[in-house]
>>> print(open('input_18.pdb').read())   # PDB, C-alpha atoms
MODEL        1
ATOM      1  CA  MET A1397      92.005  82.629 102.605
ATOM      2  CA  THR A1398      92.461  81.702 106.226
ATOM      3  CA  ILE A1399      94.671  80.928 109.171
ATOM      4  CA  LEU A1400      94.812  77.399 110.581
ATOM      5  CA  LEU A1401      96.697  76.700 113.808
ATOM      6  CA  ALA A1402      97.526  73.529 115.731
ATOM      7  CA  VAL A1403      99.585  72.612 118.779
ATOM      8  CA  THR A1404     100.270  69.257 120.427
ATOM      9  CA  GLY A1405     100.400  68.723 124.171
ATOM     10  CA  VAL A1406     101.277  65.733 126.320
ATOM     11  CA  ASP A1407      97.636  64.634 126.503
ATOM     12  CA  ALA A1408      95.803  67.079 124.223
ATOM     13  CA  VAL A1409      95.819  68.641 120.791
ATOM     14  CA  VAL A1410      94.332  72.058 119.941
ATOM     15  CA  LEU A1411      93.143  73.214 116.528
ATOM     16  CA  ALA A1412      92.114  76.805 115.730
ATOM     17  CA  ALA A1413      90.877  78.636 112.648
ATOM     18  CA  ASP A1414      89.558  82.059 111.800
ATOM     19  CA  THR A1415      86.197  82.359 110.036
ATOM     20  CA  ARG A1416      86.922  84.995 107.387
ATOM     21  CA  SER A1417      86.047  84.018 103.818
ATOM     22  CA  HIS A1418      87.777  85.811 100.975
ATOM     23  CA  THR A1419      88.321  83.402  98.087
ATOM     24  CA  VAL A1420      89.768  85.203  95.092
ATOM     25  CA  ALA A1421      90.111  82.155  92.867
ATOM     26  CA  THR A1422      86.353  81.630  92.686
ATOM     27  CA  ARG A1423      85.446  85.337  92.935
ATOM     28  CA  GLN A1424      83.577  84.468  96.120
ATOM     29  CA  ILE A1425      83.612  86.810  99.112
ATOM     30  CA  LYS A1426      81.361  86.112 102.089
ATOM     31  CA  SER A1427      80.592  88.609 104.828
ATOM     32  CA  VAL A1428      79.203  85.969 107.193
ATOM     33  CA  PRO A1429      81.528  83.740 109.262
ATOM     34  CA  VAL A1430      82.444  80.440 107.612
ATOM     35  CA  ASP A1431      82.785  77.329 109.777
ATOM     36  CA  LYS A1432      86.228  76.027 108.817
ATOM     37  CA  ILE A1433      86.566  73.478 111.657
ATOM     38  CA  ARG A1434      84.465  70.321 111.696
ATOM     39  CA  ILE A1435      84.212  67.497 114.234
ATOM     40  CA  TRP A1436      84.581  63.899 113.035
ATOM     41  CA  ARG A1437      82.822  61.194 115.079
ATOM     42  CA  ASP A1438      83.522  63.082 118.331
ATOM     43  CA  ARG A1439      87.072  61.757 118.023
ATOM     44  CA  ALA A1440      88.881  64.239 115.803
ATOM     45  CA  ALA A1441      88.669  67.701 114.276
ATOM     46  CA  TRP A1442      89.693  68.956 110.870
ATOM     47  CA  ALA A1443      89.822  72.231 109.009
ATOM     48  CA  THR A1444      90.571  73.432 105.504
ATOM     49  CA  GLY A1445      91.542  76.701 103.870
ATOM     50  CA  GLY A1446      91.904  77.906 100.306
ATOM     51  CA  TYR A1447      88.276  77.688  99.155
ATOM     52  CA  SER A1448      85.258  78.641 101.239
ATOM     53  CA  THR A1449      83.256  75.628 100.062
ATOM     54  CA  ALA A1450      85.972  72.995 100.526
ATOM     55  CA  ASN A1451      84.690  71.638 103.858
ATOM     56  CA  ASP A1452      81.143  71.240 102.567
ATOM     57  CA  GLU A1453      82.395  69.375  99.492
ATOM     58  CA  ILE A1454      84.831  67.123 101.354
ATOM     59  CA  GLU A1455      82.738  66.232 104.428
ATOM     60  CA  PRO A1456      80.294  63.822 102.698
ATOM     61  CA  LYS A1457      83.286  61.786 101.465
ATOM     62  CA  LEU A1458      84.833  61.209 104.892
ATOM     63  CA  PRO A1459      84.918  57.656 106.295
ATOM     64  CA  ARG A1460      82.406  56.541 108.896
ATOM     65  CA  VAL A1461      84.949  54.233 110.519
ATOM     66  CA  GLY A1462      88.715  54.194 110.902
ATOM     67  CA  ASP A1463      91.364  56.227 112.661
ATOM     68  CA  LEU A1464      92.922  59.663 112.299
ATOM     69  CA  LYS A1465      95.064  58.620 109.335
ATOM     70  CA  ASP A1466      91.983  57.335 107.497
ATOM     71  CA  LEU A1467      90.323  60.694 108.100
ATOM     72  CA  ASN A1468      93.356  62.591 106.874
ATOM     73  CA  ASP A1469      93.732  60.411 103.769
ATOM     74  CA  ALA A1470      90.115  61.142 102.853
ATOM     75  CA  ILE A1471      90.634  64.885 103.380
ATOM     76  CA  VAL A1472      93.696  64.862 101.126
ATOM     77  CA  LYS A1473      91.841  62.923  98.432
ATOM     78  CA  GLY A1474      88.856  65.260  98.630
ATOM     79  CA  SER A1475      91.144  68.296  98.542
ATOM     80  CA  ILE A1476      92.763  67.077  95.334
ATOM     81  CA  GLU A1477      89.348  66.718  93.709
ATOM     82  CA  VAL A1478      88.338  70.234  94.795
ATOM     83  CA  ASN A1479      91.636  71.643  93.548
ATOM     84  CA  GLU A1480      91.312  70.022  90.141
ATOM     85  CA  ARG A1481      87.876  71.527  89.641
ATOM     86  CA  TYR A1482      88.703  75.039  90.832
ATOM     87  CA  ILE A1483      92.128  75.217  89.200
ATOM     88  CA  ALA A1484      90.491  74.680  85.821
ATOM     89  CA  GLN A1485      87.969  77.419  86.593
ATOM     90  CA  ALA A1486      90.638  79.826  87.845
ATOM     91  CA  LEU A1487      92.848  79.300  84.794
ATOM     92  CA  ALA A1488      89.885  79.852  82.488
ATOM     93  CA  GLU A1489      89.270  83.195  84.229
ATOM     94  CA  ARG A1490      93.002  84.046  84.235
ATOM     95  CA  ILE A1491      93.151  84.060  88.025
ATOM     96  CA  THR A1492      96.028  82.630  90.023
ATOM     97  CA  PRO A1493      94.659  79.320  91.381
ATOM     98  CA  GLN A1494      94.703  78.483  95.094
ATOM     99  CA  ASN A1495      95.241  75.141  96.801
ATOM    100  CA  VAL A1496      93.200  73.509  99.540
ATOM    101  CA  PHE A1497      95.365  73.142 102.646
ATOM    102  CA  SER A1498      94.274  71.382 105.812
ATOM    103  CA  LEU A1499      94.914  70.182 109.351
ATOM    104  CA  ALA A1500      93.450  67.035 110.907
ATOM    105  CA  ALA A1501      93.817  66.630 114.685
ATOM    106  CA  GLY A1502      93.049  63.920 117.221
ATOM    107  CA  PHE A1503      94.655  60.847 118.766
ATOM    108  CA  LYS A1504      96.625  58.191 116.914
ATOM    109  CA  SER A1505      97.914  55.202 118.877
ATOM    110  CA  ARG A1506      96.927  57.103 122.034
ATOM    111  CA  ARG A1507      99.208  60.028 121.100
ATOM    112  CA  PRO A1508      97.884  63.554 120.447
ATOM    113  CA  THR A1509      98.590  64.000 116.746
ATOM    114  CA  TYR A1510      97.889  66.298 113.866
ATOM    115  CA  PHE A1511      98.447  66.004 110.134
ATOM    116  CA  VAL A1512      99.665  69.005 108.107
ATOM    117  CA  ASN A1513      98.707  69.161 104.429
ATOM    118  CA  ALA A1514     100.117  72.130 102.521
ATOM    119  CA  PRO A1515     100.355  71.147  98.844
ATOM    120  CA  GLY A1516     101.464  74.643  97.819
ATOM    121  CA  LEU A1517     104.620  74.090  99.903
ATOM    122  CA  ASP A1518     104.780  70.362  99.138
ATOM    123  CA  GLN A1519     104.376  69.655 102.866
ATOM    124  CA  TYR A1520     102.623  66.551 104.177
ATOM    125  CA  LEU A1521     103.683  66.209 107.807
ATOM    126  CA  VAL A1522     102.677  64.328 110.947
ATOM    127  CA  LYS A1523     103.223  65.979 114.343
ATOM    128  CA  ASP A1524     102.859  63.652 117.329
ATOM    129  CA  GLU A1525     105.357  64.950 119.912
ATOM    130  CA  PRO A1526     104.414  67.542 122.560
ATOM    131  CA  GLY A1527     105.207  71.158 121.831
ATOM    132  CA  PHE A1528     104.868  71.286 118.037
ATOM    133  CA  VAL A1529     103.055  74.331 116.661
ATOM    134  CA  THR A1530     101.903  74.875 113.088
ATOM    135  CA  GLY A1531     100.535  77.918 111.290
ATOM    136  CA  LEU A1532      99.053  77.652 107.798
ATOM    137  CA  GLY A1533      97.316  80.241 105.661
ATOM    138  CA  THR A1534      97.867  83.372 103.664
ATOM    139  CA  ASN A1535     101.655  83.380 103.364
ATOM    140  CA  THR A1536     102.299  80.280 105.430
ATOM    141  CA  GLU A1537     105.919  81.221 106.161
ATOM    142  CA  VAL A1538     104.702  84.337 107.986
ATOM    143  CA  ALA A1539     101.947  82.379 109.761
ATOM    144  CA  GLN A1540     104.438  79.751 110.950
ATOM    145  CA  ALA A1541     106.932  82.358 112.170
ATOM    146  CA  ILE A1542     104.238  84.190 114.163
ATOM    147  CA  ALA A1543     102.849  80.943 115.617
ATOM    148  CA  THR A1544     106.312  79.853 116.761
ATOM    149  CA  GLU A1545     107.276  83.255 118.150
ATOM    150  CA  THR A1546     104.010  83.632 120.059
ATOM    151  CA  ALA A1547     104.247  80.139 121.562
ATOM    152  CA  GLN A1548     107.818  80.737 122.741
ATOM    153  CA  ALA A1549     106.745  83.985 124.442
ATOM    154  CA  LEU A1550     103.772  82.401 126.226
ATOM    155  CA  ILE A1551     105.174  79.080 127.486
ATOM    156  CA  GLN A1552     105.682  79.124 131.241
ATOM    157  CA  GLY A1553     107.405  76.116 132.672
ATOM    158  CA  ASN A1554     106.029  73.331 130.540
ATOM    159  CA  ARG A1555     102.565  74.756 129.861
ATOM    160  CA  LEU A1556     101.081  76.845 127.056
ATOM    161  CA  PRO A1557      97.735  78.706 127.263
ATOM    162  CA  ALA A1558      96.596  77.406 123.884
ATOM    163  CA  ASP A1559      93.595  79.705 123.595
ATOM    164  CA  LEU A1560      95.712  82.820 124.261
ATOM    165  CA  TRP A1561      98.349  81.533 121.830
ATOM    166  CA  ALA A1562      95.787  81.088 119.037
ATOM    167  CA  PHE A1563      94.188  84.458 119.815
ATOM    168  CA  GLN A1564      97.449  86.428 119.793
ATOM    169  CA  THR A1565      98.752  84.637 116.702
ATOM    170  CA  THR A1566      95.559  85.516 114.834
ATOM    171  CA  LEU A1567      95.762  89.166 115.920
ATOM    172  CA  LYS A1568      99.351  89.422 114.689
ATOM    173  CA  LYS A1569      98.438  87.763 111.387
ATOM    174  CA  MET A1570      95.506  90.143 110.915
ATOM    175  CA  ALA A1571      97.903  93.078 111.160
ATOM    176  CA  SER A1572      99.447  91.938 107.862
ATOM    177  CA  TYR A1573      96.325  90.484 106.191
ATOM    178  CA  PRO A1574      93.267  92.301 107.617
ATOM    179  CA  ILE A1575      91.016  91.442 104.659
ATOM    180  CA  GLU A1576      91.850  87.747 104.475
ATOM    181  CA  VAL A1577      92.101  86.819 108.172
ATOM    182  CA  GLY A1578      89.606  87.783 110.851
ATOM    183  CA  PHE A1579      87.265  86.988 113.729
ATOM    184  CA  PRO A1580      85.325  85.115 114.996
ATOM    185  CA  LEU A1581      88.044  82.631 115.939
ATOM    186  CA  ASP A1582      87.085  78.976 116.475
ATOM    187  CA  LEU A1583      89.039  76.637 118.759
ATOM    188  CA  ILE A1584      88.781  72.889 119.360
ATOM    189  CA  MET A1585      90.602  70.953 122.081
ATOM    190  CA  ILE A1586      90.685  67.162 122.058
ATOM    191  CA  HIS A1587      91.859  65.973 125.479
ATOM    192  CA  ARG A1588      92.528  62.449 126.630
ATOM    193  CA  ARG A1589      90.211  62.760 129.637
ATOM    194  CA  ASN A1590      87.240  64.143 127.661
ATOM    195  CA  LYS A1591      84.804  61.966 125.732
ATOM    196  CA  ARG A1592      84.047  64.812 123.335
ATOM    197  CA  PRO A1593      86.091  67.737 122.032
ATOM    198  CA  LEU A1594      85.786  71.095 123.760
ATOM    199  CA  ARG A1595      84.737  73.889 121.432
ATOM    200  CA  ARG A1596      85.080  77.636 121.866
ATOM    201  CA  ARG A1597      84.381  80.678 119.698
ATOM    202  CA  ILE A1598      85.975  84.078 120.293
ATOM    203  CA  GLU A1599      83.736  86.618 118.598
ATOM    204  CA  GLY A1600      86.144  89.536 118.416
ATOM    205  CA  PRO A1601      89.493  90.977 119.504
ATOM    206  CA  ASN A1602      87.948  92.592 122.583
ATOM    207  CA  MET A1603      86.010  89.501 123.673
ATOM    208  CA  PHE A1604      88.784  87.204 124.842
ATOM    209  CA  THR A1605      88.805  85.661 128.333
ATOM    210  CA  LEU A1606      91.568  83.304 129.420
ATOM    211  CA  MET A1607      90.276  79.841 130.390
ATOM    212  CA  ASP A1608      92.396  77.530 132.541
ATOM    213  CA  GLN A1609      91.206  74.375 130.793
ATOM    214  CA  TRP A1610      92.892  75.525 127.587
ATOM    215  CA  SER A1611      96.310  75.504 129.270
ATOM    216  CA  ILE A1612      98.031  72.409 127.920
ATOM    217  CA  GLN A1613     101.244  70.659 128.960
ATOM    218  CA  VAL A1614     103.702  70.895 126.052
ATOM    219  CA  ALA A1615     106.681  69.134 127.640
ATOM    220  CA  PRO A1616     106.951  65.956 129.771
TER
ENDMDL
END
>>> encode(input="input_18.pdb", output="structure tokens")
Amino acid sequence: MTILLAVTGVDAVVLAADTRSHTVATRQIKSVPVDKIRIWRDRAAWATGGYSTANDEIEPKLPRVGDLKDLNDAIVKGSIEVNERYIAQALAERITPQNVFSLAAGFKSRRPTYFVNAPGLDQYLVKDEPGFVTGLGTNTEVAQAIATETAQALIQGNRLPADLWAFQTTLKKMASYPIEVGFPLDLIMIHRRNKRPLRRRIEGPNMFTLMDQWSIQVAP
């Protein structure tokens, strides 16, 4: 399982994910951190949850050219293929099957954008206006409520400290799902002025330091 988080700003988009791996459907539990966020061509970032091997299986199928929508379409197609294989395995073992869910973030038509793919909720959304926040994961309704509540509490003026938002949201989610959600926490920020995404890893709940460059403008 996992928690995936995303927020859009006026000129940036931030994607965050925990690194805990606890995949019941394939009887696979890993004690080492799993890299759930990947960079695509230094232009976008994407992350999946649901199965600990999904990223490794999907990544070779991603396009070498194209835009953010092309990336997202390939992720969705790859996710369907992973689901079909694991659902059959889970049903054979009489285990409730999971679904691969994902976020893809970057710029589309010069607008900070992210794609939400949550097949379990029948949600396929595009967020390209400043100030949208999304939380996916173990019990997505809870994750979304925490992400929204935390963002509302942290916004000052028209700015949100995106790293603090992701950190606090993850802590609150861990309180309900300590086995399935946990540190280290990975964060990616794709900013209009940067040629490459900024990447940050928070190793544990006592190792957070606020960084000014992660404060993003969420309203014009």
>>> residues_around(input="input_18.pdb", residues="region 1454-1466 of chain A", least_positions_apart="6", cutoff="9 Å", atoms="all atoms listed in the file", output="mmCIF file with C-alpha atoms, in the frame of the given file")
data_model
loop_
_atom_site.group_PDB
_atom_site.id
_atom_site.type_symbol
_atom_site.label_atom_id
_atom_site.label_comp_id
_atom_site.auth_asym_id
_atom_site.auth_seq_id
_atom_site.Cartn_x
_atom_site.Cartn_y
_atom_site.Cartn_z
ATOM 1 C CA ARG A 1434 84.465 70.321 111.696
ATOM 2 C CA TRP A 1436 84.581 63.899 113.035
ATOM 3 C CA ARG A 1437 82.822 61.194 115.079
ATOM 4 C CA ARG A 1439 87.072 61.757 118.023
ATOM 5 C CA ALA A 1440 88.881 64.239 115.803
ATOM 6 C CA LYS A 1473 91.841 62.923 98.432
ATOM 7 C CA GLY A 1474 88.856 65.260 98.630
ATOM 8 C CA SER A 1475 91.144 68.296 98.542
ATOM 9 C CA GLU A 1477 89.348 66.718 93.709
ATOM 10 C CA VAL A 1478 88.338 70.234 94.795
ATOM 11 C CA ALA A 1500 93.450 67.035 110.907
ATOM 12 C CA ALA A 1501 93.817 66.630 114.685
ATOM 13 C CA GLY A 1502 93.049 63.920 117.221
ATOM 14 C CA PHE A 1503 94.655 60.847 118.766
ATOM 15 C CA LYS A 1504 96.625 58.191 116.914
ATOM 16 C CA THR A 1509 98.590 64.000 116.746
ATOM 17 C CA TYR A 1510 97.889 66.298 113.866
ATOM 18 C CA PHE A 1511 98.447 66.004 110.134
#
>>> resolve_selection(input="input_18.pdb", expression="the PyMOL selection byres ((chain A and resi 1613) around 6)", output="list in words")
Gly1405, Val1406, Asn1554, Arg1555, Ile1612, Val1614 and Ala1615 of chain A
>>> residues_around(input="input_18.pdb", residues="Lys1523 (chain A)", least_positions_apart="3", cutoff="10 Å", atoms="all atoms listed in the file", output="MDAnalysis selection string")
chainID A and resid 1402:1404 1501 1507:1512 1526:1530
>>> atom_distance(input="input_18.pdb", atom1="CA of Ala1450 (chain A)", atom2="CA of Leu1411 (chain A)")
17.5 Å
>>> resolve_selection(input="input_18.pdb", expression="the PyMOL selection byres ((chain A and resi 1557) around 12)", output="short mmCIF file (atom, residue, chain, number, x, y, z; two decimals) with C-alpha atoms, in the coordinates of the input")
data_model
loop_
_atom_site.label_atom_id
_atom_site.label_comp_id
_atom_site.auth_asym_id
_atom_site.auth_seq_id
_atom_site.Cartn_x
_atom_site.Cartn_y
_atom_site.Cartn_z
CA VAL A 1403 99.58 72.61 118.78
CA THR A 1404 100.27 69.26 120.43
CA GLY A 1405 100.40 68.72 124.17
CA VAL A 1410 94.33 72.06 119.94
CA GLY A 1527 105.21 71.16 121.83
CA THR A 1546 104.01 83.63 120.06
CA ALA A 1547 104.25 80.14 121.56
CA GLN A 1548 107.82 80.74 122.74
CA ALA A 1549 106.74 83.98 124.44
CA LEU A 1550 103.77 82.40 126.23
CA ILE A 1551 105.17 79.08 127.49
CA GLN A 1552 105.68 79.12 131.24
CA GLY A 1553 107.40 76.12 132.67
CA ASN A 1554 106.03 73.33 130.54
CA ARG A 1555 102.56 74.76 129.86
CA LEU A 1556 101.08 76.84 127.06
CA ALA A 1558 96.60 77.41 123.88
CA ASP A 1559 93.60 79.70 123.60
CA LEU A 1560 95.71 82.82 124.26
CA TRP A 1561 98.35 81.53 121.83
CA ALA A 1562 95.79 81.09 119.04
CA PHE A 1563 94.19 84.46 119.82
CA GLN A 1564 97.45 86.43 119.79
CA MET A 1585 90.60 70.95 122.08
CA THR A 1605 88.80 85.66 128.33
CA LEU A 1606 91.57 83.30 129.42
CA MET A 1607 90.28 79.84 130.39
CA ASP A 1608 92.40 77.53 132.54
CA GLN A 1609 91.21 74.38 130.79
CA TRP A 1610 92.89 75.53 127.59
CA SER A 1611 96.31 75.50 129.27
CA ILE A 1612 98.03 72.41 127.92
CA GLN A 1613 101.24 70.66 128.96
CA VAL A 1614 103.70 70.90 126.05
#
>>> atom_distance(input="input_18.pdb", atom1="CA of Gln1519 (chain A)", atom2="CA of Val1577 (chain A)")
21.8 Å
>>> residues_around(input="input_18.pdb", residues="Thr1566 (chain A)", least_positions_apart="5", cutoff="8 Å", atoms="all atoms listed in the file", output="PyMOL selection string")
chain A and resi 1399+1414+1577-1578
>>> write_last_selection(input="input_18.pdb", atoms="C-alpha atoms", output="PDB file, in the coordinates of the input")
ATOM      1  CA  ILE A1399      94.671  80.928 109.171  1.00  0.00           C
ATOM      2  CA  ASP A1414      89.558  82.059 111.800  1.00  0.00           C
ATOM      3  CA  VAL A1577      92.101  86.819 108.172  1.00  0.00           C
ATOM      4  CA  GLY A1578      89.606  87.783 110.851  1.00  0.00           C
TER       5      GLY A1578
END
>>> resolve_selection(input="input_18.pdb", expression="the PyMOL selection byres ((chain A and resi 1595) around 8)", output="list in words")
Asp1582, Leu1583, Ile1584, Met1585, Pro1593, Leu1594, Arg1596 and Arg1597 of chain A
>>> closest_residue(input="input_18.pdb", among="A:Leu1401, A:Lys1432, A:Asn1513, A:Val1472", to="Lys1569 (chain A)", atoms="only C-alpha atoms")
A:Leu1401
>>> axis_aligned_box(input="input_18.pdb", around="region 1479-1488 of chain A", padding_each_side="5 Å", output="JSON")
{"center_x": 90.4, "center_y": 74.9, "center_z": 88.0, "size_x": 15.0, "size_y": 19.8, "size_z": 21.1}
>>> build_atoms(input="input_18.pdb", residues="region 1433-1448 of chain A", atoms="N, CA and C atoms", output="PDB file, in the coordinates of the input")
ATOM      1  N   ILE A1433      86.229  74.652 110.857  1.00  0.00           N
ATOM      2  CA  ILE A1433      86.566  73.478 111.657  1.00  0.00           C
ATOM      3  C   ILE A1433      85.342  72.583 111.780  1.00  0.00           C
ATOM      4  N   ARG A1434      85.544  71.296 111.549  1.00  0.00           N
ATOM      5  CA  ARG A1434      84.465  70.321 111.696  1.00  0.00           C
ATOM      6  C   ARG A1434      84.911  69.207 112.642  1.00  0.00           C
ATOM      7  N   ILE A1435      83.951  68.637 113.357  1.00  0.00           N
ATOM      8  CA  ILE A1435      84.212  67.497 114.234  1.00  0.00           C
ATOM      9  C   ILE A1435      83.922  66.210 113.471  1.00  0.00           C
ATOM     10  N   TRP A1436      84.766  65.204 113.681  1.00  0.00           N
ATOM     11  CA  TRP A1436      84.581  63.899 113.035  1.00  0.00           C
ATOM     12  C   TRP A1436      84.379  62.839 114.110  1.00  0.00           C
ATOM     13  N   ARG A1437      83.164  62.313 114.198  1.00  0.00           N
ATOM     14  CA  ARG A1437      82.822  61.194 115.079  1.00  0.00           C
ATOM     15  C   ARG A1437      83.156  61.462 116.550  1.00  0.00           C
ATOM     16  N   ASP A1438      83.171  62.708 116.956  1.00  0.00           N
ATOM     17  CA  ASP A1438      83.522  63.082 118.331  1.00  0.00           C
ATOM     18  C   ASP A1438      84.930  62.624 118.718  1.00  0.00           C
ATOM     19  N   ARG A1439      85.740  62.283 117.739  1.00  0.00           N
ATOM     20  CA  ARG A1439      87.072  61.757 118.023  1.00  0.00           C
ATOM     21  C   ARG A1439      88.188  62.605 117.449  1.00  0.00           C
ATOM     22  N   ALA A1440      87.856  63.467 116.491  1.00  0.00           N
ATOM     23  CA  ALA A1440      88.881  64.239 115.803  1.00  0.00           C
ATOM     24  C   ALA A1440      88.261  65.529 115.278  1.00  0.00           C
ATOM     25  N   ALA A1441      89.110  66.453 114.886  1.00  0.00           N
ATOM     26  CA  ALA A1441      88.669  67.701 114.276  1.00  0.00           C
ATOM     27  C   ALA A1441      89.521  67.958 113.046  1.00  0.00           C
ATOM     28  N   TRP A1442      88.951  68.655 112.086  1.00  0.00           N
ATOM     29  CA  TRP A1442      89.693  68.956 110.870  1.00  0.00           C
ATOM     30  C   TRP A1442      89.249  70.305 110.328  1.00  0.00           C
ATOM     31  N   ALA A1443      90.123  70.918 109.561  1.00  0.00           N
ATOM     32  CA  ALA A1443      89.822  72.231 109.009  1.00  0.00           C
ATOM     33  C   ALA A1443      90.548  72.392 107.684  1.00  0.00           C
ATOM     34  N   THR A1444      89.949  73.149 106.790  1.00  0.00           N
ATOM     35  CA  THR A1444      90.571  73.432 105.504  1.00  0.00           C
ATOM     36  C   THR A1444      90.593  74.930 105.248  1.00  0.00           C
ATOM     37  N   GLY A1445      91.482  75.335 104.362  1.00  0.00           N
ATOM     38  CA  GLY A1445      91.542  76.701 103.870  1.00  0.00           C
ATOM     39  C   GLY A1445      91.791  76.666 102.375  1.00  0.00           C
ATOM     40  N   GLY A1446      91.652  77.814 101.741  1.00  0.00           N
ATOM     41  CA  GLY A1446      91.904  77.906 100.306  1.00  0.00           C
ATOM     42  C   GLY A1446      90.659  78.197  99.506  1.00  0.00           C
ATOM     43  N   TYR A1447      89.570  77.467  99.797  1.00  0.00           N
ATOM     44  CA  TYR A1447      88.276  77.688  99.155  1.00  0.00           C
ATOM     45  C   TYR A1447      87.193  77.625 100.221  1.00  0.00           C
ATOM     46  N   SER A1448      86.262  78.551 100.180  1.00  0.00           N
ATOM     47  CA  SER A1448      85.258  78.641 101.239  1.00  0.00           C
ATOM     48  C   SER A1448      84.281  77.479 101.238  1.00  0.00           C
TER      49      SER A1448
END
